[in-house]
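J.: Below is a structure I'd like to ask you about.
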Amino acid sequence: MSSTSTPVRESQLSTALARDRLGVAAVVFFVMSAAAPLTVVAGVVPTGLAVTGLTAISIAFLAVAVVLAVFSVGYVAMSRHIANAGAFYAYIARGIGRPFGVGGAWVALLAYNSFQFASYGGFGAIAAPLFADWFGVELPWWGFALAGWALVAVLGVRDVAVNGKVLGTLLVAEIVLVAVFSVADMLNPDFAASSAPVNPSSLVGTGAGALLVMAVTGFEQSVVFSEESRDPRRTVPRATYIAVALIAVLYAFSSWAMISAAGGKAVERAGAEGPELFFNLASDRLGSTALHLGHALFLTSLIAAMISFHNIIARYTFSLGREGVLPRAFGRTVPATGAPKNGSLAQSALGLIVILVYALAGWDPLVQLFFWGGTLGGIGVLLLITVTSAAVIGYFARNPSGEDAWHRIGAPVLGTALLLVVTYLALTNIAILFGVEPGATPTWAVPLAYAVLTLAGVGWALILRRSRPLVYNGIGMGARSAGAGLSFRDVTSEAHK
Amino acid sequence: MATSQLPLADDLYLAAHDSTRGRCLLTPATLGLGLAAALLAELVLWRRLEVQDNELTVLDERPTADPPTSAVLEQLLRESHHRKVRDWISFLATGVAAELVERRLARAGLVRRVEKRGLLGIKVRFVPTDPSLTGWPGTRIRIAATRGELLDSPDLVLTGLVLATGLDQHVFVTLEAHERDHLFDQLRRRMPAPLQYLVGHAEAAVGDAVMARRA
């Protein structure tokens, strides 16, 4: 380029590009809203207590936070070197190989979709009694689930996002509410500081895997923002650690307070009261206004989480369509709005089917949809994180430049070892995790589903390698990079189908 | 065919507006990305710029005979330490490219300024003076595709950018499968490499905008 010396004045280009960049606080915010604190504390924890009968939840949250923190050292380091750093499968494609990358992408699709299905079940089950109480509206759970689904479907296809400020306000309100209710738990007359939630020995006992999986959700999002942040080298790692630490402390404290306040009957009461346990325990001290407020916030945060998660899935599908791993049609948007329409429609169609099947079969929305769906998704994400961690080792073994030994080898190897232990515990305790007898359907169907998806993904990648090498080379590049080439290079082969 | 051909970015701008009411068919962000890539492509066609993979290089510092591309060239020279194609596309897409192209079209009398008084003050936008003109670029490409004719380099890039921005859902819907094949085949085989890189970056930038909710 020109050899003229660059004047020291402000670069217009850098200024313009820096304008939309995010700081640490903004990234922490995004990560935490994806984690939906109130949904976990009021929804997942009591249901988990009831289904698994395990009370060492606090220590499980803390343990998982440590494992995630170790994992994210290598994960964040690798995100600085690859394109499409918002998706686990991109790491797998680069670190282990493209076939397993496609397998990972498909596993992620099932995991994320099952979180979404779970939220419909949770919303229906939680809204039904509240609406009966507040407005005298008597509808079955699936009536509310369908209403929530319809709202998500309409907003999703039009790509209406929940405004960032609204999400932020809801998030702060949720955190404050969880904290206040937990303090109120400590003032409960039955409160007896329990050591069970923080007993480390239960982490290696039966059911430990169950606890650990419950604590793994909504983590992938942090690095999504690496390309959006002001200084990816510092912003993203710092934001990731802060978010993980905040979430872990909040979850650990509130579940400890909840179990202690139940005075040794946590499992029985959780079974009888479900998500109401969280509200009931605190209501003695806080009165009915706080209770109604808490319920209202529970519903709004569930709705916000449903909408956000739907949009994440639609975009994920869009990205996979754009690179040719899913049919190209998913890579289309509505030109006038930029909405990833087909990804959204597909997710909504699946959601409708799941709600209708559960309604017709008469299955329980709280345990069999909300909790099982969340657990199914949690296992999927755990598997993805474990394989991604191994992929980080593989990647840096071949591309060692630019990172020190701790980031390249130390943390990834330690993280992978820890994650392998967690995965082993989760899969061997799968019956406890789902609250079923050993050998019951979920205990073999869930691992089988993920195994089949992985193998199908590998198979599809191998077919692509033979028939459409350009698409194959672009696997893991996502919608954001021009790495492998242009879509029109590949379009003809599709037009003939 | 050459009689109706405007500078590449102008053709893209017109193609991105509907022919009945002259409204824009793309989001402002996507249109901006398309126009940014189109202006850079014009500089490649002026033989001022070389694009190789992710980086661009100025080959010739002399201004072109055309103000908008000269303005972009001047900026490229002023900030010559920035060489990433994607950075330049993102920067020009912040409104710079749209403004340059709108001014050029206005000078040619093809668009006019419209001021609309709204609740939040006056909104200025440009609308095609004759909405039916907006159909021209698309029609030209469709006719070539139907007749199996070869496109020149600017129209190859235009076709590529129509695909990259998703405008093909409006412009190419009526094409038969074999006509599309013919078109894509030309893009693959006849578009010069630097222009292919640019179109590829434009497509990726549009995808990026969708992923980051900026589209």
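Labels for the structure tokens follow display order: chains A, B, ..., residues from 1 in each chain, ligands from 1.
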With 7 Å as the limit and counting only C-alpha atoms, what residues in chain B lie close to chain A? Please list them as a VMD selection string.

T.: chain B and resid 25 to 27 57 to 58 77 79 to 80 91 166 to 167 177 181 184 188 200 to 201 204 to 205 207 to 208 210 to 211 215

J.: Would you list the contacts of Ala16 of chain B as a VMD selection string, taking every protein, DNA or RNA residue within 12 Å and counting only C-alpha atoms, but skipping same-chain residues closer than 3 positions in sequence?

T.: (chain A and resid 335 to 336) or (chain B and resid 9 to 13 19 22 to 28 30 to 32 34 to 35 98 127 to 128 131 133 to 138 158 161 to 163 165 to 171)

J.: Write a file of the selected residues as a tab-separated table (two decimals), in the first residue's frame, keeping N, CA and C atoms.

T.:
```
chain	number	residue	atom	x	y	z
A	335	PRO	N	-35.16	-10.63	3.31
A	335	PRO	CA	-34.30	-9.50	2.96
A	335	PRO	C	-34.67	-8.20	3.68
A	336	ALA	N	-35.95	-7.96	3.86
A	336	ALA	CA	-36.36	-6.67	4.40
A	336	ALA	C	-36.10	-6.54	5.91
B	9	ALA	N	-22.20	0.15	-8.10
B	9	ALA	CA	-22.90	0.40	-6.84
B	9	ALA	C	-24.26	1.04	-7.08
B	10	ASP	N	-24.35	1.90	-8.12
B	10	ASP	CA	-25.63	2.53	-8.44
B	10	ASP	C	-26.64	1.49	-8.89
B	11	ASP	N	-26.17	0.56	-9.73
B	11	ASP	CA	-27.05	-0.51	-10.19
B	11	ASP	C	-27.55	-1.33	-9.01
B	12	LEU	N	-26.65	-1.62	-8.07
B	12	LEU	CA	-27.05	-2.41	-6.90
B	12	LEU	C	-28.07	-1.62	-6.08
B	13	TYR	N	-27.83	-0.33	-5.92
B	13	TYR	CA	-28.74	0.51	-5.15
B	13	TYR	C	-30.14	0.47	-5.75
B	19	SER	N	-40.02	-1.63	-7.51
B	19	SER	CA	-40.28	-0.82	-8.70
B	19	SER	C	-41.67	-0.19	-8.68
B	22	GLY	N	-40.77	2.35	-4.85
B	22	GLY	CA	-39.41	2.81	-4.64
B	22	GLY	C	-38.89	2.59	-3.24
B	23	ARG	N	-39.48	1.62	-2.52
B	23	ARG	CA	-38.99	1.37	-1.16
B	23	ARG	C	-37.82	0.41	-1.17
B	24	CYS	N	-36.97	0.53	-0.15
B	24	CYS	CA	-35.79	-0.34	-0.09
B	24	CYS	C	-36.20	-1.74	0.34
B	25	LEU	N	-35.67	-2.74	-0.37
B	25	LEU	CA	-36.03	-4.13	-0.10
B	25	LEU	C	-35.13	-4.75	0.95
B	26	LEU	N	-34.05	-4.06	1.30
B	26	LEU	CA	-33.09	-4.61	2.25
B	26	LEU	C	-33.09	-3.78	3.52
B	27	THR	N	-32.56	-4.36	4.58
B	27	THR	CA	-32.34	-3.55	5.78
B	27	THR	C	-31.21	-2.57	5.48
B	28	PRO	N	-31.20	-1.41	6.13
B	28	PRO	CA	-30.14	-0.44	5.88
B	28	PRO	C	-28.75	-1.06	6.07
B	30	THR	N	-27.79	-4.25	5.65
B	30	THR	CA	-27.43	-5.13	4.55
B	30	THR	C	-27.14	-4.34	3.28
B	31	LEU	N	-27.97	-3.33	3.00
B	31	LEU	CA	-27.73	-2.49	1.83
B	31	LEU	C	-26.35	-1.84	1.93
B	32	GLY	N	-26.03	-1.34	3.12
B	32	GLY	CA	-24.73	-0.70	3.33
B	32	GLY	C	-23.58	-1.64	3.03
B	34	GLY	N	-23.62	-4.27	1.05
B	34	GLY	CA	-23.58	-4.50	-0.40
B	34	GLY	C	-22.94	-3.33	-1.13
B	35	LEU	N	-23.35	-2.11	-0.77
B	35	LEU	CA	-22.81	-0.93	-1.44
B	35	LEU	C	-21.32	-0.76	-1.15
B	98	ALA	N	-23.42	4.34	1.42
B	98	ALA	CA	-24.77	4.71	1.01
B	98	ALA	C	-24.82	6.20	0.65
B	127	VAL	N	-35.34	8.64	-2.66
B	127	VAL	CA	-36.19	7.67	-3.36
B	127	VAL	C	-35.91	7.80	-4.86
B	128	PRO	N	-36.03	6.68	-5.56
B	128	PRO	CA	-35.82	6.74	-7.01
B	128	PRO	C	-36.81	7.71	-7.65
B	131	PRO	N	-39.60	4.97	-10.05
B	131	PRO	CA	-39.45	3.65	-9.45
B	131	PRO	C	-39.26	2.54	-10.49
B	133	LEU	N	-37.41	2.48	-12.93
B	133	LEU	CA	-36.00	2.34	-13.29
B	133	LEU	C	-35.31	1.28	-12.45
B	134	THR	N	-35.82	1.09	-11.23
B	134	THR	CA	-35.13	0.19	-10.31
B	134	THR	C	-35.11	-1.24	-10.83
B	135	GLY	N	-36.03	-1.58	-11.72
B	135	GLY	CA	-36.06	-2.93	-12.26
B	135	GLY	C	-34.97	-3.20	-13.28
B	136	TRP	N	-34.39	-2.15	-13.86
B	136	TRP	CA	-33.45	-2.34	-14.97
B	136	TRP	C	-32.31	-3.31	-14.70
B	137	PRO	N	-31.52	-3.06	-13.65
B	137	PRO	CA	-30.34	-3.93	-13.49
B	137	PRO	C	-30.72	-5.40	-13.40
B	138	GLY	N	-31.78	-5.68	-12.62
B	138	GLY	CA	-32.21	-7.06	-12.47
B	138	GLY	C	-32.66	-7.65	-13.79
B	158	LEU	N	-22.30	-7.60	-9.75
B	158	LEU	CA	-23.67	-7.24	-9.36
B	158	LEU	C	-24.46	-8.50	-9.01
B	161	LEU	N	-23.33	-9.86	-5.74
B	161	LEU	CA	-23.79	-9.08	-4.59
B	161	LEU	C	-25.30	-9.22	-4.38
B	162	VAL	N	-26.03	-9.42	-5.47
B	162	VAL	CA	-27.47	-9.69	-5.34
B	162	VAL	C	-27.66	-10.97	-4.52
B	163	LEU	N	-26.82	-11.98	-4.82
B	163	LEU	CA	-26.89	-13.23	-4.05
B	163	LEU	C	-26.44	-13.01	-2.62
B	165	THR	N	-26.49	-10.42	-0.70
B	165	THR	CA	-27.38	-9.64	0.16
B	165	THR	C	-28.75	-10.28	0.32
B	166	GLY	N	-29.01	-11.37	-0.40
B	166	GLY	CA	-30.32	-12.00	-0.31
B	166	GLY	C	-31.35	-11.37	-1.24
B	167	LEU	N	-30.89	-10.39	-2.05
B	167	LEU	CA	-31.81	-9.76	-3.01
B	167	LEU	C	-32.30	-10.73	-4.06
B	168	ASP	N	-31.56	-11.84	-4.25
B	168	ASP	CA	-31.97	-12.81	-5.28
B	168	ASP	C	-33.38	-13.31	-5.03
B	169	GLN	N	-33.85	-13.23	-3.77
B	169	GLN	CA	-35.22	-13.66	-3.49
B	169	GLN	C	-36.23	-12.75	-4.18
B	170	HIS	N	-35.81	-11.56	-4.57
B	170	HIS	CA	-36.67	-10.69	-5.36
B	170	HIS	C	-36.28	-10.73	-6.84
B	171	VAL	N	-34.97	-10.67	-7.09
B	171	VAL	CA	-34.49	-10.43	-8.45
B	171	VAL	C	-34.50	-11.71	-9.30
```

J.: Write down as number ranges by chain the residues belonging to chain B that are assigned alpha helix (DSSP H) by DSSP computed on the backbone.

T.: B: 8-15, 28-45, 67-78, 85-91, 97-107, 136-147, 153-165, 168-171, 177-190, 193-211

J.: For Phe115 of chain A, work out the shell of residues within 8 Å, counting only C-alpha atoms and skipping chain neighbours fewer than 3 positions away, then give it as a CSV table (one decimal) with C-alpha atoms, in the first residue's frame.

T.:
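Generated file (part_7.csv):
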```
chain,number,residue,atom,x,y,z
A,111,ALA,CA,-29.5,-30.0,23.1
A,112,TYR,CA,-30.6,-26.4,22.5
A,118,ALA,CA,-38.3,-27.7,28.4
A,119,SER,CA,-39.1,-24.0,28.7
A,373,GLY,CA,-35.8,-31.6,28.7
A,374,GLY,CA,-33.4,-29.5,30.7
A,376,LEU,CA,-31.4,-33.9,28.1
A,377,GLY,CA,-30.0,-30.5,27.0
```

J.: List the spatial neighbours of segment 40-57 of chain A as a count of residues only - criterion: any atom at most 6 Å away, only C-alpha atoms, same-chain residues fewer than 6 positions off excluded.

T.: 12

J.: Any idea what's packed within 7 Å of Phe434 of chain A, counting only C-alpha atoms, ignoring anything in its chain fewer than 3 positions away? Could you give it as a short mmCIF file (atom, residue, chain, number, x, y, z; two decimals) with C-alpha atoms, in the first residue's frame?

T.:
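File produced: around_14.cif:
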```cif
data_model
loop_
_atom_site.label_atom_id
_atom_site.label_comp_id
_atom_site.auth_asym_id
_atom_site.auth_seq_id
_atom_site.Cartn_x
_atom_site.Cartn_y
_atom_site.Cartn_z
CA VAL A 51 -36.64 -35.94 41.06
CA TRP A 372 -36.15 -34.06 31.59
CA ILE A 430 -28.26 -41.26 34.34
CA ALA A 431 -31.11 -43.13 36.05
#
```

J.: Quick one: residues within 12 Å of Arg103 of chain B, only C-alpha atoms counted, chain neighbours fewer than 6 positions away excluded, as an mmCIF file with C-alpha atoms, in the first residue's frame?

T.:
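Contents of around.cif, freshly written:
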```cif
data_model
loop_
_atom_site.group_PDB
_atom_site.id
_atom_site.type_symbol
_atom_site.label_atom_id
_atom_site.label_comp_id
_atom_site.auth_asym_id
_atom_site.auth_seq_id
_atom_site.Cartn_x
_atom_site.Cartn_y
_atom_site.Cartn_z
ATOM 1 C CA ALA B 9 -22.897 0.396 -6.838
ATOM 2 C CA ASP B 10 -25.633 2.530 -8.438
ATOM 3 C CA TYR B 13 -28.743 0.512 -5.148
ATOM 4 C CA ASP B 66 -15.549 9.594 -10.500
ATOM 5 C CA PRO B 67 -15.974 11.391 -7.136
ATOM 6 C CA PRO B 68 -17.307 8.582 -4.891
ATOM 7 C CA THR B 69 -14.648 6.047 -5.787
ATOM 8 C CA VAL B 96 -20.384 6.164 4.145
ATOM 9 C CA ALA B 97 -21.033 4.035 1.058
ATOM 10 C CA GLY B 109 -31.119 12.655 -11.468
ATOM 11 C CA LEU B 110 -31.991 9.058 -10.656
ATOM 12 C CA VAL B 111 -32.929 9.599 -7.014
ATOM 13 C CA ARG B 112 -34.246 12.608 -5.171
ATOM 14 C CA ARG B 113 -34.164 13.748 -1.584
ATOM 15 C CA ARG B 125 -34.189 9.736 2.631
ATOM 16 C CA PHE B 126 -33.631 9.218 -1.043
ATOM 17 C CA VAL B 127 -36.188 7.673 -3.364
#
```

J.: Atom CA of Phe135 of chain A and atom CA of Ile303 of chain A, how far apart in Å?

T.: 18.9 Å

J.: Set the distance at 9 Å and use only C-alpha atoms: which residues neighbour Asp53 of chain B once local chain neighbours fewer than 6 positions away are removed? I'd like the list as a count of residues only.

T.: 5
